[in-house]
file data17.txt (compact mmCIF, C-alpha atoms)
# COMPACT_ATOMS: atom_id res chain seq x y z
CA MET Z 14 -51.88 -109.06 -138.93
CA TYR Z 15 -54.20 -106.40 -140.32
CA ALA Z 16 -54.21 -105.65 -144.05
CA PRO Z 17 -52.44 -102.25 -143.76
CA GLU Z 18 -49.66 -103.83 -141.68
CA ARG Z 19 -49.26 -106.66 -144.18
CA GLN Z 20 -49.19 -104.25 -147.09
CA GLN Z 21 -46.47 -102.18 -145.42
CA GLU Z 22 -44.39 -105.33 -144.99
CA VAL Z 23 -45.04 -106.37 -148.61
CA LEU Z 24 -43.87 -102.92 -149.71
CA ARG Z 25 -40.71 -103.25 -147.61
CA LEU Z 26 -39.92 -106.66 -149.11
CA THR Z 27 -40.53 -105.39 -152.62
CA ARG Z 28 -38.14 -102.51 -152.20
CA ALA Z 29 -35.53 -104.67 -150.49
CA SER Z 30 -35.48 -107.51 -153.05
CA GLY Z 31 -36.52 -105.66 -156.22
CA ARG Z 32 -39.33 -108.13 -156.87
CA VAL Z 33 -41.83 -110.25 -154.94
CA ASP Z 34 -44.09 -113.06 -156.11
CA VAL Z 35 -47.63 -113.83 -155.01
CA LEU Z 36 -47.16 -117.45 -153.96
CA SER Z 37 -44.11 -116.78 -151.79
CA LEU Z 38 -45.85 -113.88 -150.07
CA ALA Z 39 -48.98 -115.96 -149.48
CA GLU Z 40 -46.88 -118.65 -147.83
CA GLU Z 41 -44.91 -116.17 -145.73
CA PHE Z 42 -47.98 -114.33 -144.43
CA LYS Z 43 -50.17 -117.48 -144.19
CA VAL Z 44 -52.93 -115.99 -146.35
CA THR Z 45 -54.43 -116.90 -149.71
CA ALA Z 46 -52.90 -115.88 -153.02
CA GLU Z 47 -56.05 -113.83 -153.71
CA THR Z 48 -55.45 -111.83 -150.53
CA ILE Z 49 -51.92 -111.02 -151.68
CA ARG Z 50 -53.20 -110.03 -155.11
CA ARG Z 51 -55.59 -107.58 -153.45
CA ASP Z 52 -52.69 -106.20 -151.39
CA LEU Z 53 -50.58 -105.72 -154.50
CA LYS Z 54 -53.47 -104.12 -156.33
CA ALA Z 55 -53.94 -101.65 -153.47
CA LEU Z 56 -50.22 -100.84 -153.43
CA ASP Z 57 -50.20 -100.46 -157.21
CA ARG Z 58 -53.14 -98.06 -157.14
CA ALA Z 59 -51.30 -96.04 -154.49
CA GLY Z 60 -48.32 -95.80 -156.84
CA LEU Z 61 -46.02 -97.69 -154.49
CA VAL Z 62 -45.42 -100.83 -156.56
CA ARG Z 63 -46.00 -102.00 -160.11
CA ARG Z 64 -47.79 -105.30 -160.62
CA VAL Z 65 -45.99 -107.68 -162.95
CA HIS Z 66 -46.52 -111.30 -163.96
CA GLY Z 67 -47.12 -113.21 -160.74
CA GLY Z 68 -46.01 -110.48 -158.37
CA ALA Z 69 -44.78 -106.91 -158.15
CA ILE Z 70 -41.73 -104.67 -158.51
CA PRO Z 71 -40.97 -101.26 -156.96
CA ALA Z 72 -42.71 -98.33 -158.60
CA GLY Z 73 -40.71 -96.60 -161.28
CA ARG Z 74 -39.18 -99.71 -162.86
CA LEU Z 75 -41.25 -99.50 -166.03
CA ASP Z 76 -38.46 -101.11 -168.03
CA PHE Z 77 -38.63 -104.37 -166.07
CA GLU Z 78 -39.11 -107.39 -168.33
CA PRO Z 79 -39.04 -111.03 -167.16
CA ASP Z 80 -37.20 -113.45 -169.40
CA LEU Z 81 -38.95 -116.05 -171.55
CA ALA Z 82 -38.54 -118.97 -169.13
CA GLU Z 83 -39.95 -116.95 -166.24
CA ARG Z 84 -42.95 -115.78 -168.27
CA GLU Z 85 -43.75 -119.30 -169.46
CA GLY Z 86 -43.88 -120.56 -165.90
CA THR Z 87 -46.06 -117.76 -164.54
CA ALA Z 88 -49.87 -118.05 -164.35
CA ALA Z 89 -49.66 -121.31 -166.27
CA ASP Z 90 -53.20 -122.49 -165.52
CA GLU Z 91 -54.70 -119.15 -166.49
CA LYS Z 92 -52.71 -119.05 -169.71
CA ASP Z 93 -53.80 -122.58 -170.62
CA ARG Z 94 -57.47 -121.64 -170.14
CA ILE Z 95 -56.99 -118.49 -172.22
CA ALA Z 96 -55.32 -120.47 -175.01
CA ARG Z 97 -58.13 -123.03 -175.06
CA ALA Z 98 -60.74 -120.27 -175.25
CA ALA Z 99 -58.81 -118.63 -178.09
CA LEU Z 100 -59.21 -121.74 -180.26
CA ALA Z 101 -62.82 -120.68 -180.85
CA GLU Z 102 -61.56 -117.49 -182.52
CA LEU Z 103 -59.54 -119.27 -185.21
CA PRO Z 104 -61.02 -118.92 -188.68
CA ALA Z 105 -62.09 -122.13 -190.41
CA GLU Z 106 -59.59 -121.23 -193.08
CA GLY Z 107 -57.48 -118.22 -193.93
CA SER Z 108 -54.57 -116.45 -192.26
CA VAL Z 109 -53.59 -115.60 -188.72
CA VAL Z 110 -50.72 -113.68 -187.12
CA LEU Z 111 -49.32 -115.03 -183.85
CA ASP Z 112 -47.56 -112.39 -181.78
CA ALA Z 113 -44.58 -113.12 -179.52
CA GLY Z 114 -45.89 -114.04 -176.07
CA SER Z 115 -46.11 -117.01 -173.73
CA THR Z 116 -49.92 -117.27 -173.90
CA VAL Z 117 -49.92 -116.98 -177.68
CA ALA Z 118 -47.28 -119.73 -177.80
CA ARG Z 119 -49.66 -121.92 -175.81
CA LEU Z 120 -52.32 -121.29 -178.44
CA ALA Z 121 -49.86 -122.36 -181.13
CA ALA Z 122 -49.17 -125.59 -179.24
CA ALA Z 123 -52.92 -126.26 -178.94
CA LEU Z 124 -53.77 -125.87 -182.64
CA PRO Z 125 -55.68 -128.99 -183.74
CA LEU Z 126 -53.99 -131.28 -186.25
CA GLU Z 127 -56.87 -130.71 -188.65
CA SER Z 128 -56.24 -126.94 -188.75
CA ALA Z 129 -55.53 -125.67 -192.25
CA LEU Z 130 -54.28 -122.12 -191.88
CA THR Z 131 -51.62 -119.74 -193.08
CA VAL Z 132 -49.75 -118.65 -189.96
CA VAL Z 133 -47.39 -115.68 -189.77
CA THR Z 134 -45.20 -115.08 -186.72
CA HIS Z 135 -42.04 -113.25 -185.67
CA SER Z 136 -41.67 -115.47 -182.60
CA LEU Z 137 -39.01 -118.19 -182.81
CA PRO Z 138 -40.56 -120.37 -180.06
CA THR Z 139 -43.97 -120.20 -181.74
CA ALA Z 140 -42.50 -121.01 -185.14
CA ALA Z 141 -40.66 -123.99 -183.66
CA ARG Z 142 -43.90 -125.36 -182.23
CA LEU Z 143 -45.63 -125.13 -185.61
CA ALA Z 144 -42.80 -126.17 -187.93
CA ASP Z 145 -43.98 -129.80 -188.08
CA HIS Z 146 -47.73 -129.14 -188.03
CA PRO Z 147 -49.18 -130.94 -191.07
CA GLY Z 148 -51.89 -128.40 -191.87
CA ILE Z 149 -50.10 -125.12 -191.25
CA GLN Z 150 -48.46 -123.05 -193.96
CA LEU Z 151 -45.92 -121.26 -191.79
CA HIS Z 152 -44.28 -117.92 -192.55
CA LEU Z 153 -41.51 -116.83 -190.20
CA ILE Z 154 -40.79 -113.11 -190.20
CA GLY Z 155 -37.15 -112.22 -189.78
CA GLY Z 156 -35.12 -109.45 -188.22
CA ARG Z 157 -32.87 -108.88 -185.23
CA VAL Z 158 -33.78 -111.44 -182.56
CA ARG Z 159 -34.15 -110.15 -179.02
CA ARG Z 160 -32.62 -112.71 -176.69
CA ARG Z 161 -35.03 -111.98 -173.83
CA THR Z 162 -38.16 -112.76 -175.85
CA ARG Z 163 -36.80 -114.69 -178.89
CA ALA Z 164 -38.77 -112.32 -181.12
CA ALA Z 165 -37.67 -110.70 -184.37
CA VAL Z 166 -37.72 -106.89 -184.38
CA ASP Z 167 -36.55 -103.84 -186.34
CA ALA Z 168 -36.79 -102.94 -190.03
CA TRP Z 169 -37.09 -106.39 -191.61
CA ALA Z 170 -39.99 -107.35 -189.36
CA LEU Z 171 -41.74 -104.01 -189.82
CA ARG Z 172 -41.41 -104.20 -193.59
CA ALA Z 173 -42.80 -107.75 -193.72
CA TYR Z 174 -45.87 -106.88 -191.67
CA GLY Z 175 -46.46 -103.90 -193.94
CA GLU Z 176 -46.86 -106.29 -196.86
CA ILE Z 177 -49.61 -108.56 -195.50
CA ARG Z 178 -53.27 -108.42 -194.49
CA ALA Z 179 -54.28 -111.27 -192.19
CA ASP Z 180 -57.71 -112.32 -190.98
CA VAL Z 181 -56.90 -112.44 -187.24
CA LEU Z 182 -54.03 -111.32 -185.02
CA PHE Z 183 -53.58 -113.02 -181.65
CA LEU Z 184 -51.81 -110.27 -179.73
CA ALA Z 185 -49.76 -110.26 -176.51
CA ALA Z 186 -49.06 -107.37 -174.15
CA ASN Z 187 -47.18 -106.89 -170.89
CA GLY Z 188 -49.81 -104.45 -169.68
CA PHE Z 189 -53.26 -103.28 -170.70
CA SER Z 190 -55.80 -100.78 -169.41
CA ALA Z 191 -58.34 -98.32 -170.75
CA GLU Z 192 -56.19 -95.43 -169.51
CA ALA Z 193 -52.66 -96.48 -170.54
CA GLY Z 194 -53.60 -98.67 -173.50
CA LEU Z 195 -51.35 -101.53 -174.59
CA THR Z 196 -47.78 -101.44 -173.30
CA THR Z 197 -44.56 -103.46 -173.30
CA PRO Z 198 -41.07 -102.67 -171.94
CA ASP Z 199 -39.18 -102.52 -175.26
CA LEU Z 200 -39.62 -99.90 -178.00
CA ALA Z 201 -38.53 -102.25 -180.81
CA GLU Z 202 -41.03 -104.90 -179.76
CA ALA Z 203 -43.72 -102.25 -179.45
CA ALA Z 204 -43.11 -101.14 -183.03
CA VAL Z 205 -43.53 -104.69 -184.34
CA LYS Z 206 -46.70 -105.20 -182.31
CA ARG Z 207 -48.09 -101.95 -183.72
CA ALA Z 208 -47.29 -103.14 -187.25
CA ALA Z 209 -48.95 -106.50 -186.56
CA VAL Z 210 -52.12 -104.75 -185.36
CA ALA Z 211 -52.22 -102.75 -188.59
CA ALA Z 212 -51.77 -105.96 -190.62
CA ALA Z 213 -54.90 -107.70 -189.31
CA ARG Z 214 -58.62 -107.29 -189.87
CA ARG Z 215 -59.46 -108.53 -186.37
CA VAL Z 216 -57.36 -108.26 -183.19
CA VAL Z 217 -57.70 -110.71 -180.28
CA LEU Z 218 -55.66 -109.88 -177.17
CA LEU Z 219 -54.61 -112.85 -175.02
CA ALA Z 220 -53.61 -111.53 -171.59
CA ASP Z 221 -53.94 -112.89 -168.07
CA SER Z 222 -55.66 -110.67 -165.54
CA ALA Z 223 -52.44 -109.81 -163.68
CA LYS Z 224 -51.52 -107.61 -166.64
CA HIS Z 225 -54.60 -105.44 -166.22
CA GLY Z 226 -53.62 -102.01 -164.95
CA GLN Z 227 -49.92 -102.51 -165.60
CA GLU Z 228 -48.04 -99.78 -167.46
CA HIS Z 229 -44.72 -100.28 -169.22
CA PHE Z 230 -42.35 -97.96 -171.03
CA ALA Z 231 -43.39 -98.51 -174.65
CA ARG Z 232 -46.99 -97.93 -175.69
CA PHE Z 233 -48.15 -99.56 -178.93
CA GLY Z 234 -51.89 -98.97 -179.07
CA ASP Z 235 -55.19 -98.31 -177.36
CA LEU Z 236 -57.33 -100.99 -175.80
CA THR Z 237 -59.99 -99.91 -178.29
CA ASP Z 238 -57.72 -101.27 -181.06
CA VAL Z 239 -58.63 -104.71 -179.70
CA ASP Z 240 -61.82 -106.40 -180.89
CA LEU Z 241 -61.77 -109.14 -178.26
CA LEU Z 242 -59.89 -109.57 -174.98
CA ILE Z 243 -59.56 -113.13 -173.70
CA THR Z 244 -58.41 -113.16 -170.08
CA ASP Z 245 -59.08 -115.17 -166.92
CA THR Z 246 -61.59 -114.86 -164.12
CA GLY Z 247 -59.12 -112.84 -162.05
CA LEU Z 248 -60.39 -109.82 -163.98
CA ALA Z 249 -63.29 -108.57 -161.91
CA PRO Z 250 -66.73 -108.50 -163.59
CA GLU Z 251 -66.98 -104.74 -163.10
CA GLU Z 252 -63.56 -104.26 -164.75
CA ALA Z 253 -64.64 -106.44 -167.68
CA ALA Z 254 -67.87 -104.46 -167.98
CA ALA Z 255 -65.95 -101.17 -168.12
CA ILE Z 256 -63.75 -102.52 -170.92
CA GLU Z 257 -66.80 -103.70 -172.85
CA ARG Z 258 -68.49 -100.30 -172.48
CA ALA Z 259 -65.45 -98.82 -174.23
CA GLY Z 260 -66.01 -101.14 -177.20
CA THR Z 261 -63.88 -104.25 -176.62
CA GLU Z 262 -65.60 -107.59 -176.10
CA VAL Z 263 -64.30 -109.56 -173.09
CA VAL Z 264 -64.19 -113.32 -172.49
CA ARG Z 265 -63.17 -114.46 -168.99
CA ALA Z 266 -61.92 -118.05 -169.30

call {"tool": "encode", "arguments": {"input": "data17.txt", "output": "structure tokens"}}
result
Amino acid sequence: MYAPERQQEVLRLTRASGRVDVLSLAEEFKVTAETIRRDLKALDRAGLVRRVHGGAIPAGRLDFEPDLAEREGTAADEKDRIARAALAELPAEGSVVLDAGSTVARLAAALPLESALTVVTHSLPTAARLADHPGIQLHLIGGRVRRRTRAAVDAWALRAYGEIRADVLFLAANGFSAEAGLTTPDLAEAAVKRAAVAAARRVVLLADSAKHGQEHFARFGDLTDVDLLITDTGLAPEEAAAIERAGTEVVRA
């Protein structure tokens, strides 16, 4: 099967089921996962689908948001590498903000026992992972908890972030690009992310390469608001170079 024929069939399956995933498509068409990723990228650039974590959805569904369990199981190896690389960005001492996100939660789980930091988060799963850490002074920001992400949002969270100034923010996003900036499906979550960015001296975005080029409903910043992007090697060198030319350092783990 030629690539255009395969892409037409991928498009048909996406529209029929509402979502497709890379591994299932690779198995069905007897090709590599990288081949399917290239197909999805081509369809995304044509405006026919939207790439999401591990697959794609029909174009126009900018409000799509996978639940927490699905996000934690997607691109696990890439997220683990990103989290390990992010350990190098922790200050020797001081304060960090951990955003709500599956890759950031992996960073929280990987914090060495000898870490002595003040950690602020509005993510319940991240707080749970750090509650028993012997060296962490943990501050949990409150607010209305969104069931889909287990993250606190709304006025309480915004007010709390307005009262602090942290050394580093480890940020999550559902989509990032130089053109669309930083995006996520939910307006309330976007507002909290924007407040967290304003509360930190340095911003480190942890995002797997599948999120590059994705656009979601709620925009909460520009890619230039990010000092460092840590992603995986799925981000092409030329794409990383373009991001760096715009002013954001890139590490491909």

call {"tool": "axis_aligned_box", "arguments": {"input": "data17.txt", "around": "stretch 222-226 of chain Z", "padding_each_side": "3 Å", "output": "AutoDock Vina command-line options"}}
result
--center_x -53.6 --center_y -106.3 --center_z -165.2 --size_x 10.1 --size_y 14.7 --size_z 9.0

call {"tool": "residues_around", "arguments": {"input": "data17.txt", "residues": "stretch 48-57 of chain Z", "least_positions_apart": "3", "cutoff": "7 Å", "atoms": "only C-alpha atoms", "output": "ChimeraX atom specification"}}
result
/Z:20,35,38-39,44-45,60-64,69

call {"tool": "residues_around", "arguments": {"input": "data17.txt", "residues": "Z:Leu241", "least_positions_apart": "3", "cutoff": "6 Å", "atoms": "all atoms listed in the file", "output": "ChimeraX atom specification"}}
result
/Z:217,261-263

call {"tool": "write_last_selection", "arguments": {"input": "data17.txt", "atoms": "C-alpha atoms", "output": "PDB file, keeping the file's coordinate frame"}}
result
ATOM      1  CA  VAL Z 217     -57.700-110.710-180.280  1.00  0.00           C
ATOM      2  CA  THR Z 261     -63.880-104.250-176.620  1.00  0.00           C
ATOM      3  CA  GLU Z 262     -65.600-107.590-176.100  1.00  0.00           C
ATOM      4  CA  VAL Z 263     -64.300-109.560-173.090  1.00  0.00           C
TER       5      VAL Z 263
END

call {"tool": "closest_residue", "arguments": {"input": "data17.txt", "among": "Z:Ile256, Z:Val158, Z:Ala186, Z:Leu219", "to": "Z:Glu91", "atoms": "all atoms listed in the file"}}
result
Z:Leu219

call {"tool": "closest_residue", "arguments": {"input": "data17.txt", "among": "Z:Leu137, Z:Asp112, Z:Gly148, Z:Leu182", "to": "Z:Pro125", "atoms": "all atoms listed in the file"}}
result
Z:Gly148

call {"tool": "residues_around", "arguments": {"input": "data17.txt", "residues": "Z:Ala164", "least_positions_apart": "3", "cutoff": "6 Å", "atoms": "all atoms listed in the file", "output": "MDAnalysis selection string"}}
result
chainID Z and resid 135:136 158:159

call {"tool": "closest_residue", "arguments": {"input": "data17.txt", "among": "Z:Val110, Z:Phe183, Z:Ile243, Z:Thr116", "to": "Z:His152", "atoms": "all atoms listed in the file"}}
result
Z:Val110

call {"tool": "closest_residue", "arguments": {"input": "data17.txt", "among": "Z:Asp167, Z:Asp145, Z:Glu106, Z:Glu22", "to": "Z:Asp199", "atoms": "all atoms listed in the file"}}
result
Z:Asp167

call {"tool": "atom_distance", "arguments": {"input": "data17.txt", "atom1": "atom CA of Z:Glu192", "atom2": "atom CA of Z:Arg32"}}
result
24.6 Å

call {"tool": "atom_distance", "arguments": {"input": "data17.txt", "atom1": "atom CA of Z:Ala212", "atom2": "atom CA of Z:Ala118"}}
result
19.3 Å

call {"tool": "atom_distance", "arguments": {"input": "data17.txt", "atom1": "atom CA of Z:Leu242", "atom2": "atom CA of Z:Val117"}}
result
12.7 Å

call {"tool": "closest_residue", "arguments": {"input": "data17.txt", "among": "Z:Ala113, Z:Leu26, Z:Ala144, Z:Ala173", "to": "Z:Glu41", "atoms": "all atoms listed in the file"}}
result
Z:Leu26

call {"tool": "residues_around", "arguments": {"input": "data17.txt", "residues": "Z:Leu171", "least_positions_apart": "3", "cutoff": "6 Å", "atoms": "only C-alpha atoms", "output": "PDB file with C-alpha atoms, in the coordinates of the input"}}
result
ATOM      1  CA  ALA Z 168     -36.790-102.940-190.030  1.00  0.00           C
ATOM      2  CA  TYR Z 174     -45.870-106.880-191.670  1.00  0.00           C
ATOM      3  CA  VAL Z 205     -43.530-104.690-184.340  1.00  0.00           C
TER       4      VAL Z 205
END

call {"tool": "residues_near_point", "arguments": {"input": "data17.txt", "point": "(-46.6, -119.9, -187.2)", "cutoff": "6 Å", "atoms": "only C-alpha atoms", "output": "PyMOL selection string"}}
result
chain Z and resi 132-134+140+143+151

call {"tool": "closest_residue", "arguments": {"input": "data17.txt", "among": "Z:Thr139, Z:Arg178, Z:Gly31, Z:Ile149", "to": "Z:Arg163", "atoms": "all atoms listed in the file"}}
result
Z:Thr139
